[in-house]
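Enquirer: What follows is structure.csv; its format and atoms are CSV, C-alpha atoms and all ligand atoms.
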```csv
chain,number,residue,atom,x,y,z
H,1,MET,CA,0.0,0.0,0.0
H,2,ASN,CA,1.3,3.5,-0.8
H,3,ASP,CA,1.2,6.2,1.8
H,4,ASN,CA,-0.4,8.7,-0.5
H,5,ARG,CA,-3.9,7.4,0.1
H,6,HIS,CA,-6.5,9.9,1.3
H,7,LYS,CA,-7.3,9.3,4.9
H,8,VAL,CA,-11.1,9.8,5.1
H,9,VAL,CA,-13.7,10.1,7.8
H,10,ILE,CA,-17.3,9.5,6.7
H,11,LEU,CA,-20.0,11.2,8.9
H,12,GLY,CA,-23.4,9.8,8.2
H,13,SER,CA,-22.0,6.6,6.8
H,14,THR,CA,-25.3,4.6,7.0
H,15,GLY,CA,-27.5,7.1,5.1
H,16,SER,CA,-28.0,7.3,1.3
H,17,ILE,CA,-24.9,9.4,0.6
H,18,GLY,CA,-22.8,7.6,3.2
H,19,ARG,CA,-23.5,4.1,1.8
H,20,GLN,CA,-22.6,5.3,-1.7
H,21,THR,CA,-19.4,6.8,-0.3
H,22,VAL,CA,-18.5,3.5,1.4
H,23,GLU,CA,-19.1,1.7,-2.0
H,24,ILE,CA,-16.6,4.1,-3.7
H,25,CYS,CA,-14.0,3.8,-0.9
H,26,THR,CA,-14.3,0.0,-1.0
H,27,ARG,CA,-13.7,0.0,-4.8
H,28,TYR,CA,-10.8,2.4,-4.5
H,29,SER,CA,-9.2,1.1,-1.4
H,30,ASP,CA,-5.8,1.5,-3.1
H,31,ARG,CA,-6.4,5.3,-3.2
H,32,VAL,CA,-8.6,5.9,-0.1
H,33,GLU,CA,-8.3,4.7,3.4
H,34,VAL,CA,-11.3,5.1,5.6
H,35,VAL,CA,-10.1,5.9,9.1
H,36,GLY,CA,-13.4,6.8,10.8
H,37,LEU,CA,-17.1,6.2,10.5
H,38,ALA,CA,-20.0,7.9,12.2
H,39,THR,CA,-23.8,7.6,12.1
H,40,PHE,CA,-26.7,8.7,14.3
H,41,SER,CA,-28.4,5.4,15.2
H,42,ASN,CA,-27.9,2.6,12.7
H,43,GLU,CA,-25.6,0.6,14.9
H,44,GLN,CA,-25.8,-2.7,13.0
H,45,LEU,CA,-24.9,-1.2,9.6
H,46,LEU,CA,-22.1,0.9,11.2
H,47,ALA,CA,-20.6,-2.3,12.6
H,48,GLU,CA,-20.8,-4.0,9.2
H,49,GLN,CA,-19.2,-1.1,7.4
H,50,ALA,CA,-16.4,-0.9,10.0
H,51,ALA,CA,-15.7,-4.6,9.7
H,52,GLU,CA,-15.7,-4.5,5.9
H,53,LEU,CA,-13.4,-1.4,5.7
H,54,GLY,CA,-11.2,-2.4,8.7
H,55,VAL,CA,-12.0,0.8,10.6
H,56,SER,CA,-11.5,0.9,14.3
H,57,ARG,CA,-12.8,4.4,15.0
H,58,THR,CA,-16.6,4.6,14.9
H,59,VAL,CA,-19.1,6.9,16.5
H,60,LEU,CA,-22.7,6.2,17.2
H,61,ALA,CA,-23.9,9.8,17.8
H,62,LYS,CA,-27.1,8.7,19.5
H,63,THR,CA,-25.2,7.2,22.5
H,64,ASP,CA,-21.7,8.7,22.1
H,65,GLY,CA,-23.0,12.3,21.9
H,66,PRO,CA,-22.5,15.0,19.3
H,67,GLU,CA,-19.1,16.0,20.7
H,68,ALA,CA,-17.8,12.5,19.6
H,69,LEU,CA,-18.7,13.5,16.0
H,70,VAL,CA,-16.7,16.7,16.4
H,71,GLU,CA,-13.8,14.8,17.9
H,72,LEU,CA,-13.8,12.3,15.0
H,73,ALA,CA,-14.0,15.1,12.4
H,74,ALA,CA,-11.0,16.8,13.9
H,75,SER,CA,-9.0,13.6,14.5
H,76,THR,CA,-5.4,14.1,13.3
H,77,GLU,CA,-5.0,11.1,11.0
H,78,ALA,CA,-7.8,12.1,8.6
H,79,ASN,CA,-7.1,14.6,5.8
H,80,LEU,CA,-10.6,14.6,4.4
H,81,VAL,CA,-14.0,14.6,6.1
H,82,LEU,CA,-17.1,13.7,4.1
H,83,ASN,CA,-20.0,15.2,6.0
H,84,ALA,CA,-23.2,13.5,5.0
H,85,LEU,CA,-25.1,14.1,8.3
H,86,VAL,CA,-28.6,15.3,8.0
H,87,GLY,CA,-29.7,18.7,9.1
H,88,ALA,CA,-28.1,21.2,11.5
H,89,ALA,CA,-26.6,18.3,13.4
H,90,GLY,CA,-23.7,18.6,10.8
H,91,VAL,CA,-22.8,22.2,11.6
H,92,GLU,CA,-20.3,21.6,14.4
H,93,ALA,CA,-18.5,18.8,12.5
H,94,SER,CA,-18.1,21.1,9.5
H,95,TYR,CA,-16.7,23.8,11.7
H,96,ALA,CA,-14.3,21.4,13.4
H,97,THR,CA,-13.1,20.0,10.1
H,98,LEU,CA,-12.3,23.4,8.6
H,99,LYS,CA,-10.8,24.6,11.9
H,100,ALA,CA,-8.5,21.5,11.9
H,101,GLY,CA,-7.3,22.4,8.4
H,102,LYS,CA,-8.8,19.3,6.8
H,103,THR,CA,-10.6,19.1,3.5
H,104,LEU,CA,-14.4,19.2,3.9
H,105,ALA,CA,-16.4,17.2,1.3
H,106,LEU,CA,-19.8,18.7,2.0
H,107,ALA,CA,-23.0,16.8,1.5
H,108,ASN,CA,-24.6,18.5,4.5
H,109,LYS,CA,-25.9,21.6,2.9
H,110,GLU,CA,-27.5,22.7,6.1
H,111,SER,CA,-24.1,23.5,7.5
H,112,LEU,CA,-23.7,26.4,5.1
H,113,VAL,CA,-27.4,27.4,5.3
H,114,VAL,CA,-27.2,27.7,9.1
H,115,ALA,CA,-23.6,29.0,9.5
H,116,GLY,CA,-22.2,29.9,6.1
H,117,GLU,CA,-21.2,33.3,7.3
H,118,VAL,CA,-19.2,31.8,10.2
H,119,LEU,CA,-17.8,28.8,8.3
H,120,MET,CA,-16.6,30.3,5.0
H,121,PRO,CA,-14.0,32.7,6.5
H,122,LEU,CA,-12.3,29.5,7.8
H,123,ALA,CA,-12.1,27.8,4.4
H,124,LYS,CA,-9.0,28.2,2.3
H,125,PRO,CA,-9.4,27.9,-1.5
H,126,ASN,CA,-10.6,24.4,-2.4
H,127,GLN,CA,-10.7,23.3,1.2
H,128,LEU,CA,-14.4,22.9,0.8
H,129,LEU,CA,-15.4,20.5,-2.0
H,130,PRO,CA,-19.2,20.3,-2.7
H,131,VAL,CA,-20.9,16.9,-2.9
H,132,ASP,CA,-24.3,18.3,-3.7
H,133,SER,CA,-24.8,17.4,-7.4
H,134,GLU,CA,-25.6,21.0,-8.5
H,135,HIS,CA,-22.7,22.5,-6.6
H,136,SER,CA,-20.3,19.8,-7.8
H,137,ALA,CA,-21.5,20.7,-11.3
H,138,LEU,CA,-21.0,24.4,-10.8
H,139,PHE,CA,-17.6,23.8,-9.2
H,140,GLN,CA,-16.5,21.8,-12.2
H,141,CYS,CA,-17.8,24.4,-14.7
H,142,LEU,CA,-15.9,27.1,-12.9
H,143,LEU,CA,-12.5,25.3,-13.0
H,144,GLY,CA,-10.0,27.5,-14.7
H,145,GLU,CA,-12.4,30.5,-15.0
H,146,GLU,CA,-11.9,34.0,-13.6
H,147,PRO,CA,-14.5,35.0,-11.0
H,148,ASP,CA,-15.0,38.5,-12.5
H,149,GLU,CA,-16.0,36.9,-15.9
H,150,LEU,CA,-18.9,35.1,-14.3
H,151,ALA,CA,-22.4,36.4,-15.1
H,152,ASN,CA,-24.8,34.0,-13.4
H,153,LEU,CA,-24.9,30.6,-11.8
H,154,TRP,CA,-27.9,28.5,-13.0
H,155,ILE,CA,-29.0,25.9,-10.5
H,156,THR,CA,-31.3,23.3,-12.1
H,157,GLY,CA,-34.2,21.6,-10.3
H,158,SER,CA,-36.5,18.8,-11.5
H,159,GLY,CA,-39.5,20.5,-9.9
H,160,GLY,CA,-40.0,17.5,-7.7
H,161,PRO,CA,-42.9,15.1,-7.6
H,162,PHE,CA,-45.5,17.8,-7.6
H,163,ARG,CA,-44.3,19.7,-10.6
H,164,GLY,CA,-47.2,21.4,-12.4
H,165,ARG,CA,-49.6,21.2,-9.4
H,166,LYS,CA,-51.5,24.1,-8.0
H,167,ARG,CA,-51.8,25.0,-4.4
H,168,SER,CA,-55.4,23.8,-4.0
H,169,SER,CA,-54.3,20.3,-4.9
H,170,LEU,CA,-51.3,20.3,-2.5
H,171,ALA,CA,-53.1,20.6,0.8
H,172,SER,CA,-54.0,16.9,0.8
H,173,VAL,CA,-50.9,15.3,-0.6
H,174,THR,CA,-49.5,12.4,1.4
H,175,LYS,CA,-45.9,11.8,2.6
H,176,GLU,CA,-45.8,8.7,0.3
H,177,GLU,CA,-46.4,11.0,-2.7
H,178,ALA,CA,-44.0,13.5,-1.5
H,179,LEU,CA,-41.2,10.9,-0.9
H,180,ALA,CA,-41.5,9.6,-4.5
H,181,HIS,CA,-39.0,11.7,-6.3
H,182,PRO,CA,-39.0,11.2,-10.0
H,183,ASN,CA,-35.3,11.2,-10.7
H,184,TRP,CA,-33.0,10.9,-7.6
H,185,VAL,CA,-32.9,8.2,-4.9
H,186,MET,CA,-32.4,10.1,-1.7
H,187,GLY,CA,-33.1,10.1,2.1
H,188,ALA,CA,-36.4,11.1,3.5
H,189,LYS,CA,-35.6,14.7,4.7
H,190,ILE,CA,-34.1,15.8,1.3
H,191,SER,CA,-36.9,14.1,-0.6
H,192,ILE,CA,-39.5,16.2,1.3
H,193,ASP,CA,-37.4,19.3,0.8
H,194,SER,CA,-37.4,18.5,-2.9
H,195,SER,CA,-41.1,18.2,-3.0
H,196,THR,CA,-41.6,21.7,-1.4
H,197,LEU,CA,-38.7,23.2,-3.5
H,198,MET,CA,-37.1,24.1,-0.1
H,199,ASN,CA,-34.2,22.0,-1.3
H,200,LYS,CA,-33.6,24.3,-4.2
H,201,GLY,CA,-33.9,27.3,-1.9
H,202,LEU,CA,-31.3,25.8,0.5
H,203,GLU,CA,-29.1,25.2,-2.6
H,204,VAL,CA,-29.3,28.8,-3.6
H,205,ILE,CA,-27.9,29.8,-0.1
H,206,GLU,CA,-25.3,27.0,-0.3
H,207,ALA,CA,-24.1,28.3,-3.7
H,208,HIS,CA,-23.9,31.9,-2.4
H,209,HIS,CA,-21.5,30.7,0.3
H,210,ILE,CA,-19.4,28.2,-1.6
H,211,PHE,CA,-18.8,30.4,-4.6
H,212,ALA,CA,-18.9,33.8,-2.9
H,213,ILE,CA,-21.5,35.0,-5.4
H,214,PRO,CA,-24.2,37.6,-4.7
H,215,TYR,CA,-27.8,36.3,-4.7
H,216,SER,CA,-28.6,38.5,-7.7
H,217,LYS,CA,-26.3,36.3,-9.8
H,218,ILE,CA,-27.8,32.9,-8.6
H,219,LYS,CA,-30.7,31.8,-10.8
H,220,THR,CA,-32.8,28.7,-10.6
H,221,VAL,CA,-34.4,26.9,-13.6
H,222,GLN,CA,-36.7,23.9,-13.9
H,223,HIS,CA,-35.2,21.0,-15.8
H,224,PRO,CA,-37.4,17.9,-15.3
H,225,GLY,CA,-34.9,15.5,-16.9
H,226,SER,CA,-32.2,16.2,-14.3
H,227,CYS,CA,-29.5,15.5,-16.9
H,228,VAL,CA,-28.0,19.0,-16.8
H,229,HIS,CA,-26.8,19.2,-13.2
H,230,SER,CA,-26.3,23.0,-13.3
H,231,LEU,CA,-24.8,25.7,-15.6
H,232,VAL,CA,-22.5,28.7,-15.4
H,233,GLU,CA,-23.1,31.7,-17.6
H,234,PHE,CA,-20.2,34.0,-18.5
H,235,VAL,CA,-20.1,37.7,-19.3
H,236,ASP,CA,-19.4,37.0,-23.0
H,237,GLY,CA,-22.7,35.1,-23.3
H,238,SER,CA,-21.1,31.6,-23.1
H,239,PHE,CA,-22.7,28.9,-21.0
H,240,LYS,CA,-21.0,25.9,-19.6
H,241,ALA,CA,-23.2,23.0,-18.4
H,242,HIS,CA,-22.4,19.8,-16.5
H,243,LEU,CA,-24.3,16.8,-17.8
H,244,GLY,CA,-24.4,13.3,-16.6
H,245,VAL,CA,-26.6,10.4,-15.4
H,246,THR,CA,-28.6,11.1,-12.2
H,247,ASP,CA,-26.3,9.2,-9.9
H,248,MET,CA,-24.9,10.7,-6.7
H,249,ARG,CA,-21.8,8.5,-6.9
H,250,ILE,CA,-20.5,10.9,-9.6
H,251,PRO,CA,-20.3,14.0,-7.4
H,252,ILE,CA,-19.3,12.0,-4.3
H,253,GLN,CA,-16.4,10.4,-6.2
H,254,TYR,CA,-15.3,13.7,-7.6
H,255,ALA,CA,-15.0,15.1,-4.1
H,256,LEU,CA,-12.7,12.2,-3.3
H,257,SER,CA,-10.7,12.1,-6.5
H,258,TYR,CA,-10.3,15.9,-7.0
H,259,PRO,CA,-8.4,17.3,-8.8
H,260,LYS,CA,-8.2,13.9,-10.7
H,261,ARG,CA,-11.0,11.8,-12.2
H,262,TRP,CA,-11.3,8.1,-11.6
H,263,PRO,CA,-13.4,5.6,-13.6
H,264,ALA,CA,-17.0,5.4,-12.4
H,265,VAL,CA,-17.8,2.5,-10.0
H,266,PHE,CA,-21.1,1.7,-11.7
H,267,GLU,CA,-22.5,1.1,-15.1
H,268,PRO,CA,-23.8,2.6,-17.3
H,269,ALA,CA,-22.1,5.8,-16.1
H,270,SER,CA,-22.3,7.3,-19.6
H,271,LEU,CA,-25.3,9.4,-20.6
H,272,ASP,CA,-26.8,8.2,-23.8
H,273,LEU,CA,-27.3,11.5,-25.7
H,274,CYS,CA,-29.2,9.9,-28.6
H,275,GLU,CA,-31.6,8.2,-26.3
H,276,LEU,CA,-32.0,11.5,-24.3
H,277,GLY,CA,-33.0,13.3,-27.4
H,278,SER,CA,-33.8,16.7,-26.0
H,279,LEU,CA,-33.4,19.0,-23.0
H,280,HIS,CA,-36.3,20.9,-21.5
H,281,PHE,CA,-36.1,24.0,-19.3
H,282,SER,CA,-38.9,26.2,-17.8
H,283,ALA,CA,-39.4,28.5,-14.9
H,284,LEU,CA,-39.7,27.0,-11.4
H,285,ASP,CA,-43.1,27.8,-9.8
H,286,ALA,CA,-42.0,29.9,-6.8
H,287,GLU,CA,-45.6,31.1,-6.3
H,288,THR,CA,-47.1,27.6,-5.8
H,289,PHE,CA,-44.0,26.4,-3.9
H,290,GLY,CA,-43.4,29.3,-1.4
H,291,CYS,CA,-40.4,27.7,0.3
H,292,LEU,CA,-38.2,28.6,-2.6
H,293,ARG,CA,-39.1,32.3,-2.2
H,294,LEU,CA,-38.7,32.1,1.6
H,295,ALA,CA,-35.3,30.6,1.3
H,296,ARG,CA,-34.1,33.2,-1.1
H,297,GLU,CA,-35.4,36.0,1.1
H,298,ALA,CA,-33.9,34.6,4.2
H,299,GLY,CA,-30.6,34.1,2.4
H,300,GLU,CA,-30.6,37.7,1.1
H,301,ALA,CA,-31.4,39.0,4.6
H,302,GLY,CA,-28.6,36.8,6.0
H,303,GLY,CA,-27.5,36.9,9.7
H,304,THR,CA,-29.6,34.5,11.8
H,305,LEU,CA,-32.5,34.3,9.3
H,306,PRO,CA,-31.2,31.4,7.3
H,307,CYS,CA,-30.6,29.5,10.5
H,308,VAL,CA,-34.3,30.1,11.5
H,309,LEU,CA,-35.5,29.0,8.0
H,310,ASN,CA,-33.5,25.8,8.4
H,311,ALA,CA,-34.6,24.9,11.9
H,312,ALA,CA,-38.3,25.6,11.3
H,313,ASN,CA,-38.1,23.6,8.1
H,314,GLU,CA,-36.4,20.6,9.9
H,315,VAL,CA,-39.1,20.5,12.6
H,316,ALA,CA,-41.9,20.9,10.0
H,317,VAL,CA,-40.6,18.2,7.7
H,318,GLU,CA,-40.3,15.8,10.6
H,319,ALA,CA,-43.8,16.6,11.7
H,320,PHE,CA,-45.1,16.0,8.2
H,321,LEU,CA,-43.3,12.7,8.0
H,322,ASN,CA,-45.0,11.8,11.3
H,323,ASP,CA,-48.4,12.8,10.0
H,324,HIS,CA,-48.7,15.7,12.5
H,325,ILE,CA,-49.2,18.4,9.9
H,326,GLY,CA,-50.2,18.7,6.3
H,327,PHE,CA,-47.9,19.5,3.3
H,328,LEU,CA,-48.7,23.2,3.1
H,329,ASP,CA,-48.2,23.6,6.9
H,330,ILE,CA,-44.4,23.2,6.2
H,331,GLU,CA,-44.3,26.5,4.4
H,332,ARG,CA,-46.7,28.2,6.9
H,333,ILE,CA,-44.5,27.2,9.9
H,334,VAL,CA,-41.3,28.3,8.2
H,335,GLU,CA,-42.8,31.7,7.2
H,336,THR,CA,-44.3,32.3,10.6
H,337,CYS,CA,-40.9,31.6,12.3
H,338,LEU,CA,-39.1,33.9,9.9
H,339,ASP,CA,-41.7,36.7,10.3
H,340,THR,CA,-41.5,36.6,14.1
H,341,HIS,CA,-37.7,36.4,14.4
H,342,GLU,CA,-35.7,39.5,15.2
H,343,ARG,CA,-32.6,39.3,12.9
H,344,GLN,CA,-29.2,39.4,14.4
H,345,ASP,CA,-25.8,39.4,12.6
H,346,ALA,CA,-24.2,35.9,12.6
H,347,GLU,CA,-21.4,35.9,15.0
H,348,SER,CA,-20.6,32.4,16.2
H,349,ILE,CA,-21.6,28.7,16.0
H,350,GLU,CA,-22.8,28.9,19.6
H,351,GLN,CA,-25.1,31.8,18.9
H,352,LEU,CA,-26.5,30.1,15.8
H,353,LEU,CA,-27.1,26.8,17.5
H,354,ALA,CA,-28.9,28.7,20.3
H,355,VAL,CA,-31.1,30.4,17.6
H,356,ASP,CA,-31.6,26.9,16.1
H,357,GLN,CA,-32.9,25.6,19.4
H,358,GLU,CA,-35.2,28.5,20.1
H,359,THR,CA,-36.7,28.2,16.6
H,360,ARG,CA,-37.4,24.5,17.1
H,361,ILE,CA,-39.4,25.2,20.2
H,362,LYS,CA,-41.3,28.0,18.5
H,363,ALA,CA,-42.0,25.9,15.4
H,364,LYS,CA,-43.5,23.0,17.5
H,365,GLU,CA,-46.0,25.5,19.0
H,366,LEU,CA,-47.3,26.1,15.4
H,367,PHE,CA,-48.5,22.6,14.6
G,401,MG,MG,-28.8,18.9,-4.9
```
Using the file provided, produce a representation of the structure as structure tokens.

Expert:
Amino acid sequence: MNDNRHKVVILGSTGSIGRQTVEICTRYSDRVEVVGLATFSNEQLLAEQAAELGVSRTVLAKTDGPEALVELAASTEANLVLNALVGAAGVEASYATLKAGKTLALANKESLVVAGEVLMPLAKPNQLLPVDSEHSALFQCLLGEEPDELANLWITGSGGPFRGRKRSSLASVTKEEALAHPNWVMGAKISIDSSTLMNKGLEVIEAHHIFAIPYSKIKTVQHPGSCVHSLVEFVDGSFKAHLGVTDMRIPIQYALSYPKRWPAVFEPASLDLCELGSLHFSALDAETFGCLRLAREAGEAGGTLPCVLNAANEVAVEAFLNDHIGFLDIERIVETCLDTHERQDAESIEQLLAVDQETRIKAKELF
């Protein structure tokens, strides 16, 4: 074995992104050594993964506590931490990773939504590598380009399972319908976020932080086929697009292989252009799906508001998944929490996590 292998910690290893990361690391064990695994509660799968990869350091956050996650992220032997935790639970681990000078491969977009203003000043160029498919696409389109020649970032979105629906028909949709995403296989939280278009809104905020781009230059566009993962528009009118099959193993692997590319671990990884035939684009319906508008407004206002947006959304999505509220209540709860919050400048992780906790309590009173 050569000693140049990446030493990787996978946070959230038993979830959808985590399992696919384990698959890539297993296939490329000559290039990647997994030195730590963490998950929230799936003890059995965690043990199986640890045995398969020969990993001795594991964290079960439910019993070991969130500080064990932070300790694992900052552990000295790892040089890359892939953060695939769900929700604001990933913020402290992202902070610890950047603070320790390690590369952060970020699938936990909530880290940047909640605390982008605090996290990004810590990140050196290319210390944060996006795993989110749209942001990986944008990152790749921007390679070798000058920031001042950029006109707009275009984030594509499929429109989710309720594309084309009107509000009157959304009140009674079920969680089963909301979970059935047409193109991507994903965890429950992000699937619901995709059905409300909150996911696209969170991605706008994520892009603002990763690429240090003003909101006025971040556009969203509906692209039901999900083949174009995002686009960059330059000042001379040129566009660069990133295309590919809809498989998260491509952006996950790129974060591990960067700046190189490795052969895909699955087949067929090649997009069949002739079978694809055509590409369709249209406007996303931010009037029907108010969460997209709320996210953009919260992002533009900045400070503690994106943290409030995220916390209210996490509580509301969980309540929807547990049949405590209806689909449109997600938007109502998020909007009420934003409207009743007194904005502060973002100063520290501690401050933001306190706002997160206050918002969760408030959101639960709105069911
Ligand atoms: Mg995405």

Enquirer: Of the candidates H:Lys175, H:Lys62, H:His229, H:Lys99, which shows the shortest atom-to-atom distance to ligand MG 401 (chain G), using all atoms listed in the file?

Expert: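 Looking at the shortest contact to ligand MG 401 (chain G), the residue is H:His229.
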
Enquirer: Which neighbours of segment 29-31 of chain H fall inside 7 Å, counting all atoms listed in the file, when residues of the same chain fewer than 3 positions from it are skipped, and could you give them as an MDAnalysis selection string?

Expert: chainID H and resid 1 5:6 25:26

Enquirer: Using all atoms listed in the file, find each residue with an atom at most 12 Å away from ligand MG 401 (chain G) and format the answer as a PyMOL selection string.

Expert: chain H and resi 17+106-110+130-138+155-160+183-186+190-191+193-194+197-207+226+228-230+246-248+251-252

Enquirer: For a test of reading the model, state the distance in Å between atom CA of Glu365 of chain H and atom CA of Ala316 of chain H, rounded to one decimal.

Expert: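 Pair atom CA of Glu365 of chain H / atom CA of Ala316 of chain H returns 10.9 Å.
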
Enquirer: Report as a list of chain:residue names all protein, DNA and RNA residues lying within 9 Å of Tyr254 of chain H, evaluated on only C-alpha atoms, omitting residues in the same chain fewer than 5 positions from it.

Expert: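 In the requested form, the answer reads H:Leu129, H:Val131, H:Ser136, H:Arg249, H:Pro259, H:Lys260, H:Arg261, H:Trp262.
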